[in-house]
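Have a look at the structure below before the remarks.
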Amino acid sequence: MNSYILMIGGYSFVNDKKNVNENSKNEQLEQFRVEDQGKDLTTNQGLKMSEDEFSLKAGERGPTLMEDFHFREKLTHFDHERIPERVVHARGFGAHGVFELYESMKEYTRAKFLQDPSVKTPVFVRFSTVNGARGSSDTVRDARGFATKFYTEEGNYDLVGNNIPVFFIQDAIKFPDLVHAFKPEPDNDIPQASTAHDTFWDFVANNQESAHMIMWIMSDRAIPRSFRMMEGFGVHTFRLVNEEGKAHFVKFHWKPILGVHSLVWDESHKLAGIDPDFHRNDLWNAIEKGQYPEYELGVQLLKEEDEFKLGFDILDATKIWPEEMIPVKIIGKLTLNQNVDNFFAETEQAAFHLGNVVPGIDFTNDPLLQGRLFSYLDTQLIRLGGPNFHEIPINRPVVPFHNNQRDGYHRQTINKGKVNYHRNSLAGNTPSPVSPENGGYESYQEKVEGKKVRARSDSFKDHFSQATLFWNSMTETEKQHIVEAFQFELGKVKSVSVKQQVVDMFANVSLELAKNLAEYIGVNPPTSGGSTVKASSPALSQMNTVKSPKTLTVAVIVTEGFNGPNLKYVLDQLTSNGIQPKIISETIGEVSGTNGMKVNAEFTFLTAKSVQFDSVYIVRASVKSQTFNKQAANFIDEAFSHYKPIGANPGLKEWLERNRIAGQPGVVIDDNIEQFTKELIEAISQHRFWDRKVI
Ligand code: HEM
């Protein structure tokens with residue numbers, strides 16, 4: 001037997017490091033899972049209780065007795081159920097999965113999980129918004145967190161990234177200021193989960209290093225369609241170090257197999273009310289249905305000797321390495337294939353930290369990265385109540401840990417013996433350090449010298465070139481969305497001075513953008529500015545992304561008496577192309593068509609709104625109900641105004657013409673059912689039709 005699970009006091013360790021595999025974390029978690037269903041009710045002490053509805057009283061109408069240990073235990077536990085939410089990224093959703101390597105990265109790193117393509121590493125991923133509180137809506141305009149914990153045979157490696165490749169600030173000492181500014185204003189705690197307020201934009205205008213990040217935040221990247229359809233970025237420049245000690249700079253990327261897609265702003269607003277859990281539902285349901293979200297891991301690599309050749313400072317987290325300059329090398333795939341059993345135990349208690357590294361992965365002197373290395377462990381000490389949160393099941397490595405750290409709140413391991421110090425002779429000087437040759441972590445020996453200064457390098461002072469590069473890389477549609485996002489956000493700002501400062505600042509990115517904003521928000525147009533940057537990076541435009549119909553939803557509006565064979569044909573074709581039809585009708589339940597065909601309506605217009613679907617197909621309106629027909633018309637009109645694909649029965653052509661919908665891009669009407677279905681599937685694959693005339 002070359003692998004076994006060792007049980008110690010209810011803990012399991014996969015004891016042979018070499019045999020960590022995709023199931024290792026699951027096997028470990030299994031030791032902690034509890035099935036309550038079908039069991040006797042007991043107290044936390046294991047005492048069976050005969051009564052759980054009535055407290056112990058002196059007489060049926062008398063006072064409750066102090067003696068009621070069961071009441072006190074139950075209420076006390078309840079009173080302490082809440083823990084602090086994360087200071088940022090409070091709202092999140094996690095899932096388990098597996099990482100598979102495509103090709104060995106031995107040339108660049110000694111990290112064990114990046115050596116052998118046959119090794120499958122279990123992972124846990126948590127997606128999040130940054131600004132909003134735990135109960136806020138999923139679809140707000142914000143960066144999204146994309147944090148991955150790899151449970152490797154060398155311990156946990158955390159890649160704690162975002163869906164935007166740059167950040168607002170360059171030095172971590174400004175992080176509290178940034179967060180204070182974007183969170184709700186302190187006097188009245190308004191607005192929730194939104195940057196559309198004075199203090200945020202005041203911060204932006206007075207911290208102009210934020211320009212590049214703001215361009216991304218105002219773009220469609222900040223309103224993703226799904227966690228399954230967004231990129232992830234490590235943001236900072238990290239180091240990969242190989243067996244010989246040779247290092248390369250590296251930027252990490254996650255590329256979603258389904259491409260990068262977004263909501264439209266109006267849709268994301270409405271979803272925030274109609275389905276605040278839109279992204280949670282989407283991820284949970286996809287995994288439950290076996291439509292496992294997949295992302296490829298990519299790296300951009302730069303030789304140490306090329307550190308100063310890019311024309312910007314690679315230690316500056318407000319800069320990307322344009323993909324056309326340094327291509328992204330795809331090295332592996334992440335598949336999310338298992339939902340959590342318990343949100344609190346797993347997702348809420350997960351603790352990610354950039355300092356969780358393995359040999360072969362190291363840091364750089366990026367001052368934002370350096371500060372993050374302090375912040376995560378520090379914040380988790382209070383959030384998770386003491387220094388032992390690494391013992392919480394979701395955070396445990398799948399390999400054993402041994403050291404002389406002891407005690408503290410919620411300590412669970414029972415460390416035997418007298419020796420809890422190093423160096424010692426009583427335990428043969430164990431636990432003993434491990435040499436780098438035998439897998440011990442050794443920091444990269446970077447030569448560092450300099451005077452102690454509180455200063456920023458001049459190489460960090462170009463705040464606008466890449467912001468303009470981003471603007472130049474957008475299509476007209478994407479630019480329009482950015483303009484509208486700025487208009488919305490600044491339209492909510494009350495201070496005229498702040499609005500003017502923002503306009504003057506963004507004149508350095510694009511005069512066109514700044515003039516447009518000035519006019520809209522009623523401040524003076526910029527008198528100077530403009531950019532000399534003409535370059536663009538096609539990789540930055542979402543219009544160039546992968547387009548696939550897979551997993552997209554179509555609302556199928558149908559009433560009694562529909563053409564059975566035709567609808568069957570369309571539904572079969574949709575599902576065989578990975579599209580998910582969802583039936584809406586007058587009532588929930590069975591709807592009958594010709595030739596004995598029946599479909600099951602999951603929704604009515606009360607429970608389904610067009611913003612919850614990617615496309616719509618109207619098969620048949622109601623013969624009797626004008627209300628239903630009016631609701632159907634509103635539904636289609638809204639989907640149309642969100643540029644979504646629309647399919648309709650030829651019988652409805654006249655109505656669609658009257659409403660100036662027929663004949664527009666992405667509106668499919670055809671007598672020939674085969675041709676119709678083909679065109680509808682093609683339209684759904686396109687996601688949106690931006691060249692449509694929406695009034
Ligand atoms: C100086 C800059 C930053 C500081 C001080 C900082 C600090 C924090 C803190 C205190 C948390 C809460 C952690 C917890 O309670 O478990 C957090 C969460 C998070 N941060 Fe940062 N952060 C910074 C920048 C960034 C950047 C640049 C990124 C992306 C590359 C990022 C990504 C995340 C993510 C994804 C989470 C959520 C982790 C989870 O899902 O539990 N942060 N950050």
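Starting from 1 in every chain, residues are counted up; chains themselves are A, B, ... following the order of the structure tokens, and ligands are numbered from 1 as listed.
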Set out as a Markdown table a contact list for chain A and ligand 1 with a cut-off of 7 Å, giving each residue of chain A that qualifies its closest atom pair and distance in Å to one decimal, counting only C-alpha atoms and all ligand atoms, ordered by chain and rising residue number.
| residue | atom | partner | partner_atom_place_in_ligand_line | distance |
| --- | --- | --- | --- | --- |
| A:Arg86 | CA | ligand 1 | 15 (O) | 4.0 |
| A:Val87 | CA | ligand 1 | 12 (C) | 5.4 |
| A:Val88 | CA | ligand 1 | 11 (C) | 5.2 |
| A:His89 | CA | ligand 1 | 37 (C) | 4.9 |
| A:Gly92 | CA | ligand 1 | 40 (O) | 6.3 |
| A:Arg126 | CA | ligand 1 | 40 (O) | 4.6 |
| A:Phe127 | CA | ligand 1 | 40 (O) | 5.8 |
| A:Ser128 | CA | ligand 1 | 40 (O) | 5.9 |
| A:Gly145 | CA | ligand 1 | 35 (C) | 3.6 |
| A:Phe146 | CA | ligand 1 | 35 (C) | 4.9 |
| A:Ala147 | CA | ligand 1 | 35 (C) | 4.6 |
| A:Val160 | CA | ligand 1 | 35 (C) | 4.9 |
| A:Gly161 | CA | ligand 1 | 30 (C) | 3.8 |
| A:Asn162 | CA | ligand 1 | 29 (C) | 4.4 |
| A:Phe167 | CA | ligand 1 | 27 (C) | 5.4 |
| A:Asp171 | CA | ligand 1 | 1 (C) | 6.4 |
| A:Ala172 | CA | ligand 1 | 1 (C) | 3.5 |
| A:Ile173 | CA | ligand 1 | 1 (C) | 6.7 |
| A:Phe175 | CA | ligand 1 | 1 (C) | 4.9 |
| A:Phe233 | CA | ligand 1 | 30 (C) | 6.6 |
| A:Gly234 | CA | ligand 1 | 30 (C) | 5.1 |
| A:Val235 | CA | ligand 1 | 30 (C) | 4.8 |
| A:His236 | CA | ligand 1 | 30 (C) | 6.8 |
| A:Ala350 | CA | ligand 1 | 41 (O) | 6.0 |
| A:Ala351 | CA | ligand 1 | 16 (O) | 4.8 |
| A:Phe352 | CA | ligand 1 | 41 (O) | 5.5 |
| A:Leu368 | CA | ligand 1 | 1 (C) | 4.8 |
| A:Leu369 | CA | ligand 1 | 1 (C) | 6.7 |
| A:Gly371 | CA | ligand 1 | 1 (C) | 5.3 |
| A:Arg372 | CA | ligand 1 | 5 (C) | 4.6 |
| A:Ser375 | CA | ligand 1 | 5 (C) | 5.1 |
| A:Tyr376 | CA | ligand 1 | 10 (C) | 5.0 |
| A:Thr379 | CA | ligand 1 | 10 (C) | 5.3 |
| A:Gln380 | CA | ligand 1 | 15 (O) | 5.1 |
| A:Arg383 | CA | ligand 1 | 15 (O) | 6.1 |
- Message: Could you pull out the alpha helix (DSSP H) residues of range 448-577 of chain A, going by DSSP on the backbone, and write them as a PyMOL selection string?
- Response: chain A and resi 465-472+476-491+496-506+511-521+564-576
- Nearest to Glu489 in chain A by atom-to-atom distance, counting only C-alpha atoms, from A:His197, A:Lys303, A:Arg61, A:Lys630: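 When distances to Glu489 in chain A are compared using only C-alpha atoms, the smallest one comes from A:His197.
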- Task: Would you mind listing what lies within 10 Å of Ala90 in chain A as an MDAnalysis selection string, with only C-alpha atoms counted and same-chain residues fewer than 4 positions away left out?
- Result: chainID A and resid 84:86 128:136 348
- Item | Residues near Pro549 in chain A, cut-off 10 Å, only C-alpha atoms, skip fewer than 5 positions along chain, as a list in words | Leu258, Leu574, Asn577, Gly578, Ile579, Gln580, Asp614, Ile681, Glu682, Ala683, Ile684, Ser685, Gln686 and His687 of chain A
Could you produce a table of the residues of range 24-70 of chain A lying within 12 Å of range 336-340 of chain A, with the nearest pair of atoms per residue and their separation in Å rounded to one decimal, using only C-alpha atoms, ordered by chain and increasing residue number, as CSV?
residue,atom,partner,partner_atom,distance
A:Lys25,CA,A:Gln338,CA,11.7
A:Asn26,CA,A:Gln338,CA,9.7
A:Leu29,CA,A:Val340,CA,10.5
A:Glu30,CA,A:Val340,CA,11.8
A:Arg33,CA,A:Val340,CA,11.0
Could you write out the selected residues, including N, CA and C atoms, as a short mmCIF file (atom, residue, chain, number, x, y, z; two decimals), in the first residue's frame?
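Printed below is part.cif as written:
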data_model
loop_
_atom_site.label_atom_id
_atom_site.label_comp_id
_atom_site.auth_asym_id
_atom_site.auth_seq_id
_atom_site.Cartn_x
_atom_site.Cartn_y
_atom_site.Cartn_z
N LYS A 25 -8.72 16.08 -1.44
CA LYS A 25 -9.41 17.04 -0.57
C LYS A 25 -10.78 16.50 -0.18
N ASN A 26 -11.44 15.90 -1.15
CA ASN A 26 -12.76 15.34 -0.89
C ASN A 26 -12.70 14.26 0.19
N LEU A 29 -12.30 16.00 3.47
CA LEU A 29 -13.53 16.67 3.92
C LEU A 29 -14.56 15.65 4.40
N GLU A 30 -14.54 14.47 3.79
CA GLU A 30 -15.51 13.44 4.13
C GLU A 30 -15.46 13.12 5.63
N ARG A 33 -17.81 15.58 7.34
CA ARG A 33 -19.20 15.77 6.93
C ARG A 33 -20.12 15.05 7.90
#
- Contacts of Pro397 in chain A at 10 Å or less, counting only C-alpha atoms, minus same-chain residues fewer than 3 places along, as a ChimeraX atom specification? /A:13-14,24-25,28,149-157,390-394,400-401
